[in-house]
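File shown: upload.txt (compact mmCIF, C-alpha atoms and all ligand atoms).
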```txt
# COMPACT_ATOMS: atom_id res chain seq x y z
CA MET G 1 -6.45 53.24 -8.41
CA THR G 2 -5.14 52.59 -4.91
CA SER G 3 -2.34 50.12 -4.64
CA SER G 4 -4.45 47.56 -2.78
CA SER G 5 -7.12 47.51 -5.46
CA VAL G 6 -4.44 46.95 -8.11
CA VAL G 7 -3.39 43.87 -6.22
CA ARG G 8 -6.98 42.70 -5.79
CA GLU G 9 -7.67 43.06 -9.48
CA LEU G 10 -4.56 41.22 -10.52
CA VAL G 11 -4.34 38.38 -8.06
CA ARG G 12 -5.87 35.12 -9.24
CA PRO G 13 -9.36 34.65 -7.80
CA ASN G 14 -8.47 31.30 -6.24
CA VAL G 15 -5.67 33.02 -4.31
CA LEU G 16 -7.79 36.06 -3.38
CA THR G 17 -10.24 33.83 -1.52
CA LEU G 18 -7.55 31.58 -0.01
CA LYS G 19 -7.09 31.80 3.76
CA PRO G 20 -3.49 31.57 4.95
CA TYR G 21 -2.52 28.55 7.04
CA ASP G 22 -3.45 29.35 10.62
CA ALA G 23 -0.23 28.88 12.56
CA LYS G 24 -0.16 31.72 15.03
CA GLY G 25 2.60 30.43 17.26
CA ALA G 26 1.41 32.57 20.19
CA ALA G 27 4.14 32.98 22.76
CA CYS G 28 3.08 30.31 25.26
CA PRO G 29 5.64 28.41 27.32
CA VAL G 30 3.73 25.14 26.87
CA LYS G 31 3.14 24.79 23.16
CA LEU G 32 0.71 21.96 22.49
CA ASP G 33 -0.91 23.27 19.32
CA ALA G 34 1.18 22.03 16.40
CA ASN G 35 1.75 18.29 16.88
CA GLU G 36 5.46 18.79 17.41
CA SER G 37 7.61 16.52 19.56
CA PRO G 38 8.67 17.83 22.99
CA TYR G 39 12.13 16.33 22.44
CA THR G 40 14.78 18.25 20.55
CA GLU G 41 17.96 16.80 19.09
CA ARG G 42 21.21 18.00 20.63
CA LEU G 43 23.33 19.62 17.93
CA SER G 44 27.08 19.26 18.14
CA PRO G 45 29.19 22.24 17.06
CA GLY G 46 31.24 19.89 14.89
CA LEU G 47 28.17 18.92 12.90
CA LEU G 48 27.23 22.53 12.25
CA ARG G 49 30.81 23.39 11.31
CA SER G 50 30.84 20.59 8.73
CA VAL G 51 28.35 22.55 6.58
CA LYS G 52 29.90 24.77 3.94
CA THR G 53 27.75 27.87 3.75
CA ASN G 54 29.12 28.96 0.36
CA ARG G 55 27.92 25.86 -1.48
CA TYR G 56 24.44 24.84 -2.49
CA PRO G 57 23.14 21.79 -0.67
CA ASP G 58 23.11 18.42 -2.42
CA PRO G 59 20.14 18.93 -4.77
CA LEU G 60 19.38 15.21 -4.74
CA ALA G 61 19.84 14.86 -0.96
CA GLU G 62 21.35 11.44 -1.59
CA GLU G 63 22.87 10.85 1.81
CA LEU G 64 19.67 12.00 3.47
CA ARG G 65 17.50 9.73 1.35
CA ARG G 66 19.82 6.80 2.04
CA ALA G 67 19.79 7.43 5.80
CA PHE G 68 15.98 7.74 5.72
CA ALA G 69 15.65 4.53 3.72
CA ARG G 70 17.90 2.57 6.06
CA ARG G 71 16.03 3.77 9.13
CA MET G 72 12.44 3.96 7.96
CA LEU G 73 11.82 1.75 4.93
CA PRO G 74 11.51 -2.00 4.34
CA ALA G 75 14.59 -3.44 2.61
CA ARG G 76 12.89 -3.76 -0.76
CA LEU G 77 12.19 -0.02 -1.01
CA ARG G 78 15.62 1.18 -0.06
CA ALA G 79 16.77 2.17 -3.57
CA ILE G 80 16.59 5.93 -3.50
CA ASP G 81 14.69 6.18 -6.77
CA HIS G 82 11.66 5.20 -4.68
CA ILE G 83 12.04 8.33 -2.55
CA LEU G 84 11.44 12.03 -3.11
CA HIS G 85 12.60 14.59 -0.54
CA GLY G 86 10.66 17.71 0.32
CA ASN G 87 10.97 20.84 2.42
CA GLY G 88 8.50 19.28 4.79
CA SER G 89 5.82 16.94 3.50
CA ASP G 90 3.75 20.09 2.86
CA GLU G 91 6.00 20.83 -0.06
CA ILE G 92 5.47 17.34 -1.44
CA ILE G 93 1.69 17.80 -1.31
CA TYR G 94 2.34 20.85 -3.48
CA ASN G 95 4.55 18.85 -5.84
CA LEU G 96 1.97 16.06 -6.11
CA ILE G 97 -0.91 18.37 -6.99
CA CYS G 98 1.35 20.28 -9.35
CA ALA G 99 2.24 17.02 -11.10
CA PHE G 100 -1.18 15.36 -11.29
CA GLY G 101 -3.59 18.29 -11.08
CA GLY G 102 -7.12 18.03 -9.75
CA PRO G 103 -9.83 17.61 -8.79
CA VAL G 104 -8.34 16.67 -5.44
CA VAL G 105 -10.40 14.43 -3.13
CA PHE G 106 -9.99 14.15 0.63
CA PRO G 107 -12.16 13.36 3.64
CA SER G 108 -13.34 16.11 5.95
CA PRO G 109 -12.23 17.01 8.54
CA THR G 110 -8.59 16.36 7.73
CA PHE G 111 -5.27 18.16 7.41
CA SER G 112 -6.06 21.58 5.96
CA MET G 113 -3.11 21.83 3.60
CA TYR G 114 -4.54 19.37 1.06
CA GLY G 115 -7.31 21.84 0.37
CA LYS G 116 -5.24 24.99 0.65
CA ILE G 117 -2.55 23.81 -1.74
CA ALA G 118 -5.11 22.55 -4.25
CA GLN G 119 -6.81 25.94 -4.13
CA ALA G 120 -3.50 27.80 -4.45
CA LEU G 121 -2.81 25.80 -7.59
CA GLY G 122 -6.27 26.56 -8.97
CA GLU G 123 -7.51 22.97 -8.65
CA LYS G 124 -10.97 21.92 -7.56
CA THR G 125 -11.27 20.35 -4.13
CA VAL G 126 -13.81 17.64 -3.31
CA GLU G 127 -14.43 17.06 0.40
CA VAL G 128 -16.11 13.86 1.52
CA PRO G 129 -17.49 14.09 5.08
CA LEU G 130 -16.37 11.44 7.54
CA GLY G 131 -19.13 9.24 8.91
CA PRO G 132 -20.08 8.65 12.56
CA GLY G 133 -17.05 8.12 14.79
CA PHE G 134 -14.96 10.03 12.23
CA ASP G 135 -14.96 6.91 10.09
CA LEU G 136 -13.90 7.00 6.44
CA ASP G 137 -16.83 6.65 4.04
CA GLU G 138 -15.03 4.72 1.35
CA GLY G 139 -18.15 4.35 -0.80
CA GLN G 140 -18.64 8.12 -0.95
CA MET G 141 -14.92 8.67 -1.54
CA ILE G 142 -15.01 6.36 -4.56
CA LYS G 143 -18.26 7.87 -5.86
CA ALA G 144 -16.91 11.41 -5.53
CA PHE G 145 -13.64 10.43 -7.20
CA ARG G 146 -15.44 8.91 -10.17
CA ARG G 147 -18.11 11.61 -10.46
CA GLU G 148 -15.52 14.40 -10.49
CA LYS G 149 -13.02 12.49 -12.61
CA ALA G 150 -10.53 13.32 -9.89
CA LYS G 151 -6.80 12.80 -10.28
CA ILE G 152 -5.61 12.39 -6.72
CA ALA G 153 -6.88 11.62 -3.22
CA PHE G 154 -5.20 12.33 0.11
CA ILE G 155 -5.91 10.10 3.10
CA SER G 156 -4.18 10.91 6.37
CA ARG G 157 -3.73 7.74 8.46
CA PRO G 158 -3.88 8.35 11.39
CA ASN G 159 -6.06 11.28 10.48
CA ASN G 160 -5.28 14.80 11.64
CA PRO G 161 -7.12 16.18 13.62
CA THR G 162 -9.39 13.26 14.59
CA GLY G 163 -6.54 10.93 15.56
CA ASN G 164 -8.12 7.66 14.34
CA SER G 165 -6.62 5.27 11.80
CA PHE G 166 -9.05 4.54 9.00
CA GLN G 167 -9.52 0.85 8.32
CA TRP G 168 -6.89 -0.72 6.15
CA GLU G 169 -9.50 -2.54 3.96
CA LYS G 170 -11.41 0.67 3.26
CA ILE G 171 -8.31 2.40 1.95
CA ILE G 172 -7.40 -0.63 -0.16
CA LYS G 173 -10.87 -0.56 -1.66
CA ILE G 174 -10.35 3.07 -2.67
CA ILE G 175 -6.92 2.34 -4.15
CA GLU G 176 -8.38 -0.56 -6.16
CA SER G 177 -11.49 1.30 -7.30
CA VAL G 178 -10.26 4.65 -8.57
CA LYS G 179 -8.37 5.56 -11.69
CA GLY G 180 -6.14 8.05 -9.96
CA ILE G 181 -3.41 8.48 -7.40
CA VAL G 182 -4.06 7.68 -3.75
CA VAL G 183 -1.67 9.27 -1.27
CA VAL G 184 -1.69 7.71 2.18
CA ASP G 185 -0.22 10.36 4.48
CA GLU G 186 1.57 8.53 7.29
CA ALA G 187 2.78 11.65 9.14
CA TYR G 188 1.63 10.10 12.44
CA GLN G 189 2.10 6.41 11.63
CA ALA G 190 4.99 5.95 14.07
CA PHE G 191 2.64 6.60 17.00
CA SER G 192 -0.06 4.21 15.84
CA GLY G 193 1.35 0.73 16.26
CA LYS G 194 -0.58 -0.12 13.08
CA LYS G 195 0.73 -1.53 9.82
CA SER G 196 2.16 0.93 7.31
CA PHE G 197 1.01 1.02 3.69
CA LEU G 198 4.62 0.92 2.52
CA PRO G 199 4.64 -2.84 1.74
CA LEU G 200 1.67 -2.36 -0.59
CA LEU G 201 3.65 -0.07 -2.90
CA LYS G 202 4.79 -3.04 -4.94
CA ARG G 203 1.20 -4.13 -5.55
CA TYR G 204 -0.37 -0.76 -6.42
CA GLN G 205 1.17 1.56 -8.97
CA ASN G 206 -1.29 4.34 -8.06
CA LEU G 207 -0.30 4.38 -4.37
CA ALA G 208 2.15 6.79 -2.77
CA VAL G 209 3.04 7.06 0.92
CA LEU G 210 3.84 10.46 2.41
CA MET G 211 6.11 10.64 5.47
CA THR G 212 7.70 13.38 7.57
CA LEU G 213 10.40 13.85 10.19
CA SER G 214 8.45 16.74 11.75
CA LYS G 215 6.54 14.71 14.32
CA VAL G 216 9.50 12.82 15.70
CA GLY G 217 11.58 15.77 16.87
CA LEU G 218 12.85 17.40 13.68
CA ALA G 219 10.10 19.86 12.74
CA ALA G 220 12.57 22.74 12.56
CA LEU G 221 14.45 21.03 9.75
CA ARG G 222 11.45 20.86 7.39
CA ILE G 223 11.99 17.42 5.90
CA GLY G 224 9.40 15.13 4.38
CA PHE G 225 9.50 12.20 1.99
CA LEU G 226 7.31 10.60 -0.61
CA VAL G 227 7.75 6.89 -1.23
CA SER G 228 6.33 5.25 -4.33
CA ASN G 229 7.35 3.54 -7.56
CA PRO G 230 10.25 5.14 -9.44
CA GLU G 231 8.04 6.26 -12.32
CA LEU G 232 5.69 8.24 -10.07
CA ILE G 233 8.61 9.64 -8.08
CA GLY G 234 10.31 10.69 -11.33
CA GLU G 235 7.28 12.62 -12.52
CA VAL G 236 6.66 14.37 -9.21
CA ASN G 237 10.37 15.16 -8.95
CA LYS G 238 10.11 17.30 -12.08
CA THR G 239 8.03 19.79 -10.11
CA ARG G 240 10.52 20.00 -7.23
CA LEU G 241 12.55 23.20 -6.98
CA PRO G 242 16.30 22.68 -6.97
CA PHE G 243 18.09 22.68 -3.60
CA ASN G 244 14.78 22.43 -1.76
CA VAL G 245 16.21 20.97 1.45
CA ASN G 246 18.98 23.10 2.93
CA ALA G 247 22.41 21.82 3.89
CA PHE G 248 21.98 22.22 7.66
CA SER G 249 18.78 20.24 7.61
CA GLN G 250 20.33 17.49 5.52
CA ALA G 251 23.36 17.18 7.82
CA ILE G 252 21.37 17.23 11.06
CA ALA G 253 18.74 14.80 9.82
CA VAL G 254 21.32 12.27 8.61
CA ARG G 255 22.89 12.27 12.06
CA ALA G 256 19.53 11.97 13.81
CA LEU G 257 18.41 9.13 11.55
CA GLU G 258 21.53 7.23 12.52
CA GLY G 259 20.94 7.71 16.27
CA ALA G 260 18.43 6.23 18.69
CA SER G 261 16.69 9.31 20.05
CA LEU G 262 13.87 9.56 17.49
CA GLY G 263 12.38 6.20 18.46
CA GLU G 264 12.79 6.81 22.20
CA GLY G 265 10.76 10.01 21.95
CA VAL G 266 7.95 8.18 20.17
CA LYS G 267 7.70 5.58 22.96
CA LYS G 268 7.44 8.24 25.66
CA ILE G 269 4.79 10.13 23.72
CA VAL G 270 2.68 7.00 23.21
CA SER G 271 2.82 6.27 26.93
CA GLU G 272 1.90 9.84 27.85
CA ARG G 273 -0.95 9.77 25.33
CA GLY G 274 -2.52 6.93 27.31
CA ARG G 275 -2.21 8.84 30.55
CA VAL G 276 -3.61 12.11 29.15
CA PHE G 277 -6.53 10.22 27.57
CA ARG G 278 -7.38 8.53 30.85
CA GLU G 279 -7.18 11.82 32.73
CA LEU G 280 -9.41 13.59 30.19
CA GLY G 281 -11.90 10.76 30.64
CA LYS G 282 -12.27 11.77 34.30
CA ILE G 283 -13.33 15.33 33.49
CA LYS G 284 -17.08 15.78 33.24
CA GLY G 285 -17.94 18.01 30.31
CA VAL G 286 -15.08 16.74 28.13
CA THR G 287 -15.31 13.97 25.52
CA ALA G 288 -11.91 12.80 24.33
CA TYR G 289 -11.52 10.69 21.19
CA PRO G 290 -9.11 7.74 21.16
CA SER G 291 -5.98 8.61 19.19
CA ASP G 292 -3.32 6.73 17.26
CA ALA G 293 -1.30 9.94 16.82
CA ASN G 294 0.72 12.35 18.98
CA PHE G 295 -2.34 14.44 19.81
CA ILE G 296 -5.85 14.01 21.18
CA LEU G 297 -9.00 15.64 19.86
CA PHE G 298 -11.65 16.44 22.43
CA HIS G 299 -15.04 18.08 22.51
CA SER G 300 -16.56 20.30 25.13
CA GLU G 301 -19.44 22.74 25.33
CA ARG G 302 -16.86 24.92 27.05
CA ALA G 303 -14.17 24.59 24.38
CA GLN G 304 -13.68 28.33 23.99
CA ARG G 305 -13.29 28.83 27.72
CA ILE G 306 -10.87 25.92 27.93
CA PHE G 307 -8.84 27.44 25.13
CA ARG G 308 -8.74 30.90 26.73
CA VAL G 309 -8.03 29.76 30.26
CA ALA G 310 -5.34 27.33 29.07
CA MET G 311 -3.70 30.15 27.12
CA ARG G 312 -3.84 32.39 30.19
CA GLU G 313 -2.14 29.58 32.13
CA GLY G 314 0.58 29.38 29.46
CA VAL G 315 -0.73 26.35 27.55
CA LEU G 316 -1.44 26.73 23.85
CA LEU G 317 -4.00 24.35 22.30
CA ARG G 318 -5.33 24.09 18.77
CA ASN G 319 -8.74 25.65 18.39
CA PHE G 320 -10.89 24.79 15.39
CA GLY G 321 -13.77 26.71 13.94
CA GLY G 322 -16.30 25.76 11.27
CA PRO G 323 -17.46 22.16 11.35
CA LEU G 324 -15.13 21.51 14.30
CA GLU G 325 -16.51 24.29 16.48
CA GLY G 326 -16.47 23.00 20.05
CA TYR G 327 -13.45 20.75 19.46
CA LEU G 328 -9.92 21.33 20.64
CA ARG G 329 -6.76 19.40 19.88
CA VAL G 330 -3.96 18.92 22.36
CA THR G 331 -0.55 17.71 21.28
CA ILE G 332 1.08 15.22 23.65
CA GLY G 333 4.10 16.92 25.16
CA SER G 334 6.55 15.97 27.89
CA ARG G 335 5.12 14.72 31.18
CA LYS G 336 5.54 18.17 32.70
CA GLU G 337 3.83 19.89 29.78
CA ASN G 338 0.96 17.42 29.87
CA ASP G 339 0.57 18.03 33.60
CA ALA G 340 0.38 21.77 32.91
CA PHE G 341 -2.38 21.09 30.39
CA LEU G 342 -4.29 18.78 32.74
CA LYS G 343 -4.05 21.37 35.50
CA ALA G 344 -5.24 24.14 33.17
CA ILE G 345 -8.24 22.17 31.89
CA ARG G 346 -9.40 21.53 35.48
CA ASN G 347 -9.21 25.23 36.32
CA LYS G 348 -12.35 26.34 38.15
CA ASP G 349 -12.68 29.40 35.90
CA ILE G 350 -13.69 27.02 33.13
CA TRP G 351 -16.16 24.91 35.05
CA ALA G 352 -17.58 27.24 37.68
CA GLY G 353 -21.29 27.74 37.54
CA ASN G 354 -22.55 24.71 35.66
CA GLY G 355 -22.10 21.86 38.08
CA LEU G 356 -19.56 20.24 35.78
CA GLY G 357 -16.01 19.23 36.60
N1 LIG Z 401 0.42 15.65 6.86
C1 LIG Z 401 -0.28 15.75 7.99
C2 LIG Z 401 -1.43 14.83 8.19
C3 LIG Z 401 0.05 16.72 8.95
O1 LIG Z 401 -0.69 16.83 10.06
C4 LIG Z 401 1.16 17.57 8.74
C5 LIG Z 401 1.60 18.61 9.72
N2 LIG Z 401 0.72 19.13 10.58
C6 LIG Z 401 1.84 17.43 7.54
C7 LIG Z 401 1.47 16.46 6.64
C8 LIG Z 401 2.96 18.35 7.18
O2 LIG Z 401 4.11 18.10 7.86
P1 LIG Z 401 5.49 18.71 7.44
O3 LIG Z 401 5.29 19.68 6.32
O4 LIG Z 401 6.01 19.36 8.67
O5 LIG Z 401 6.32 17.53 7.01
```
Structure encoded using structure tokens:
Amino acid sequence: MTSSSVVRELVRPNVLTLKPYDAKGAACPVKLDANESPYTERLSPGLLRSVKTNRYPDPLAEELRRAFARRMLPARLRAIDHILHGNGSDEIIYNLICAFGGPVVFPSPTFSMYGKIAQALGEKTVEVPLGPGFDLDEGQMIKAFRREKAKIAFISRPNNPTGNSFQWEKIIKIIESVKGIVVVDEAYQAFSGKKSFLPLLKRYQNLAVLMTLSKVGLAALRIGFLVSNPELIGEVNKTRLPFNVNAFSQAIAVRALEGASLGEGVKKIVSERGRVFRELGKIKGVTAYPSDANFILFHSERAQRIFRVAMREGVLLRNFGGPLEGYLRVTIGSRKENDAFLKAIRNKDIWAGNGLG
């Protein structure tokens, strides 16, 4: 038996058919593919020196959770037994599915990791297509949840990659109608200007809100949080590996959460998002979708050409296949980066020959 067939025979079938997360990170100077912030924190040497490399990090990340609570949570939720810390919110999705099991329900298209993690853990996934205008079909979500006797649903609000915020009332209806956990993923909430679901945690015991520091300038640190009632947090916490957030990340994030820069970056991105959207609206052959997040989804018959030419010009976009064939997603960067994107998408090599542009 060759070594590769040994592996194929032994690996669990759900893993064998799993596709790895597609994060190529091609070497492009203008990286607008991963919904990161263009603004990095400045690290002081003193801060780095304060970390003792011979010791494990605080397993409970208490200072980090306190700093997060003070900065990001309403007063009533600031006790840290409402908060679970993760190595990115990705890890918390893993913890949640590990704790509650499946089937796992989510709309489609949405953030791919809900499905990938469920599959990695051997749980059934149930995808409920979004309706026209990428709108949440709450009736179908509830039906699917009940039919499959599902345990947990993930709803990204604003939704990645479509950028819209599903209606508040629709999500409430789902929370009230299902006997299971509903996770509202607020990774992009800061850019939306819409109400957070956090205040509803006291009303609904089956609600949990997922948050991340990745979109506001701290993606390198890998820090996410789950906020919910202490009982739910306690159960999910049992599935967390010890020391999951490293000491450098904890120290840097605490400092950043105490400073002003995170919020300033968000304001600039929201303003640039308006400008990029308006500019995309002027390009014939491109349909851009309004966004509440730090990215814009757009459609074009020439999506593949746009992607290739932009890459050639040093601008990396996110290219989707499958049901999102013909769509591209651009992350809002700095003004200069956005200008590079807008220049690339107007390049005549994309539009020559069809009377567009
Ligand atoms: N949720 C959504 C909706 C996302 O788009 C992302 C990142 N792309 C995440 C969660 C994961 O973020 P992180 O693991 O960096 O916290």
For this session: List all protein, DNA and RNA residues that have any atom at most 9 Å from ligand LIG 401 (chain Z), counting all atoms listed in the file, and write the list as JSON, numbers by chain.
Result: {"G": [34, 35, 36, 86, 87, 88, 89, 90, 91, 92, 93, 110, 111, 112, 113, 114, 155, 156, 157, 158, 159, 160, 161, 185, 186, 187, 188, 210, 211, 212, 213, 214, 215, 218, 219, 220, 221, 222, 223, 224, 225]}
For this session: Give me the residues within 8 Å of range 269-284 of chain G as an MDAnalysis selection string, counting all atoms listed in the file and dropping any in the same chain fewer than 5 places off.
Result: chainID G and resid 191 290 294:296 332:335 338 342 346 356:357
Problem set entry | Nearest-residue call for Gln250 in chain G, choices G:Gly46, G:Pro59, G:Gly265, G:Pro323, using all atoms listed in the file | G:Pro59
Problem set entry | Residues within 7 Å of (-8.2, 14.7, -2.7), file coords, only C-alpha atoms, listed as an MDAnalysis selection string | chainID G and resid 103:106 125:126 152:154
I'd like the neighbourhood of Arg66 in chain G as a CSV table (one decimal) with C-alpha atoms, in the frame of the given file, where a residue qualifies if any of its atoms comes within 8 Å (using only C-alpha atoms), though same-chain residues fewer than 6 positions away should be ignored.
```
chain,number,residue,atom,x,y,z
G,78,ARG,CA,15.6,1.2,-0.1
G,79,ALA,CA,16.8,2.2,-3.6
G,80,ILE,CA,16.6,5.9,-3.5
```
For this session: Within 10 Å of Leu47 in chain G, counting all atoms listed in the file, which residues show up once you throw out same-chain ones fewer than 4 positions away? Write them as JSON, numbers by chain, please.
Result: {"G": [43, 51, 248, 251, 252, 255]}
Exercise. Between CA of Pro29 in chain G and CA of Gly326 in chain G, what is the spacing in Å?
Worked result: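 Separation between CA of Gly326 in chain G and CA of Pro29 in chain G: 23.9 Å.
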Problem set entry | Which of G:Ser44, G:Arg305, G:Arg318, G:Ala253 sits closest to Lys348 in chain G [using only C-alpha atoms] |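 Checking each of G:Ser44, G:Arg305, G:Arg318, G:Ala253 against Lys348 in chain G, counting only C-alpha atoms, the winner is G:Arg305.
The list of residues with at least one atom within 9 Å of range 137-142 of chain G, based on all atoms listed in the file and without residues fewer than 4 positions apart in the same chain, reads Val105, Phe106, Pro107, Glu127, Val128, Pro129, Leu130, Gly131, Arg146, Arg147, Ala153, Lys170, Ile171, Lys173, Ile174, Ser177 and Val178 of chain G.
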Problem set entry | Nearest candidate to Gly285 in chain G (options G:Thr17, G:Asn164, G:Ser300, G:Thr239; using only C-alpha atoms) |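 Going through G:Thr17, G:Asn164, G:Ser300, G:Thr239 one by one, the smallest distance to Gly285 in chain G is for G:Ser300.
Put simply, CA of His85 in chain G is 8.0 Å away from CA of Leu60 in chain G.
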Exercise. Hey, can you check how far CA of Pro13 in chain G sits from CA of Leu96 in chain G?
Worked result: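 One can read the CA of Pro13 in chain G to CA of Leu96 in chain G distance as 21.8 Å.
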Exercise. Given the choices G:Asn95, G:Asn246, G:Asn319, G:Ser108, which gets closest to Arg55 in chain G if the distance is worked out from only C-alpha atoms?
Worked result: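 Using only C-alpha atoms, the shortest distance to Arg55 in chain G belongs to G:Asn246.
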For this session: Give the answer as one residue: which of G:Leu317, G:Val216, G:Leu48, G:Val254 has the shortest atom-to-atom distance to Lys268 in chain G, using all atoms listed in the file?
Result: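 Selected residue with least distance to Lys268 in chain G: G:Val216.
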Hey, what's within 12 Å of Lys19 in chain G if we count all atoms listed in the file and toss same-chain stuff fewer than 3 positions away? As a PDB file with C-alpha atoms, in the coordinates of the input, please?
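Result file is selection_36.pdb:
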```
ATOM      1  CA  ASN G  14      -8.470  31.300  -6.240  1.00  0.00           C
ATOM      2  CA  VAL G  15      -5.670  33.020  -4.310  1.00  0.00           C
ATOM      3  CA  LEU G  16      -7.790  36.060  -3.380  1.00  0.00           C
ATOM      4  CA  ASP G  22      -3.450  29.350  10.620  1.00  0.00           C
ATOM      5  CA  ALA G  23      -0.230  28.880  12.560  1.00  0.00           C
ATOM      6  CA  SER G 112      -6.060  21.580   5.960  1.00  0.00           C
ATOM      7  CA  MET G 113      -3.110  21.830   3.600  1.00  0.00           C
ATOM      8  CA  GLY G 115      -7.310  21.840   0.370  1.00  0.00           C
ATOM      9  CA  LYS G 116      -5.240  24.990   0.650  1.00  0.00           C
ATOM     10  CA  ILE G 117      -2.550  23.810  -1.740  1.00  0.00           C
ATOM     11  CA  GLN G 119      -6.810  25.940  -4.130  1.00  0.00           C
ATOM     12  CA  ALA G 120      -3.500  27.800  -4.450  1.00  0.00           C
TER      13      ALA G 120
END
```
Around all listed atoms of range 299-316 of chain G, padded 8 Å per side, what centre and edge lengths does the axis-aligned box have in Å to one decimal, as AutoDock Vina command-line options?
```
--center_x -9.4 --center_y 25.2 --center_z 27.3 --size_x 36.0 --size_y 30.3 --size_z 25.6
```
Exercise. Which residue gives the smallest distance to Ser249 in chain G among G:Glu63, G:Ala340, G:Val6, G:Tyr21, with only C-alpha atoms counted?
Worked result: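 With only C-alpha atoms as the atom set, the closest residue is G:Glu63.
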Could you please fill out range 244-257 of chain G with N, CA and C atoms and send it back as a compact mmCIF listing (two decimals), in the frame of the given file?
```
# COMPACT_ATOMS: atom_id res chain seq x y z
N ASN G 244 15.93 22.13 -2.62
CA ASN G 244 14.78 22.43 -1.76
C ASN G 244 14.99 22.11 -0.29
N VAL G 245 15.92 21.23 0.03
CA VAL G 245 16.21 20.97 1.45
C VAL G 245 17.61 21.49 1.76
N ASN G 246 17.70 22.41 2.71
CA ASN G 246 18.98 23.10 2.93
C ASN G 246 20.04 22.20 3.56
N ALA G 247 21.28 22.66 3.49
CA ALA G 247 22.41 21.82 3.89
C ALA G 247 22.41 21.52 5.39
N PHE G 248 22.01 22.48 6.22
CA PHE G 248 21.98 22.22 7.66
C PHE G 248 20.97 21.12 7.97
N SER G 249 19.81 21.24 7.36
CA SER G 249 18.78 20.24 7.61
C SER G 249 19.24 18.86 7.16
N GLN G 250 19.86 18.79 6.01
CA GLN G 250 20.33 17.49 5.52
C GLN G 250 21.33 16.89 6.51
N ALA G 251 22.30 17.71 6.94
CA ALA G 251 23.36 17.18 7.82
C ALA G 251 22.78 16.73 9.16
N ILE G 252 21.91 17.55 9.73
CA ILE G 252 21.37 17.23 11.06
C ILE G 252 20.46 16.00 10.99
N ALA G 253 19.68 15.92 9.94
CA ALA G 253 18.74 14.80 9.82
C ALA G 253 19.49 13.48 9.62
N VAL G 254 20.55 13.51 8.83
CA VAL G 254 21.32 12.27 8.61
C VAL G 254 21.83 11.77 9.95
N ARG G 255 22.37 12.67 10.76
CA ARG G 255 22.89 12.27 12.06
C ARG G 255 21.77 11.72 12.95
N ALA G 256 20.63 12.40 12.95
CA ALA G 256 19.53 11.97 13.81
C ALA G 256 18.99 10.61 13.37
N LEU G 257 18.94 10.40 12.05
CA LEU G 257 18.41 9.13 11.55
C LEU G 257 19.33 7.96 11.91
```
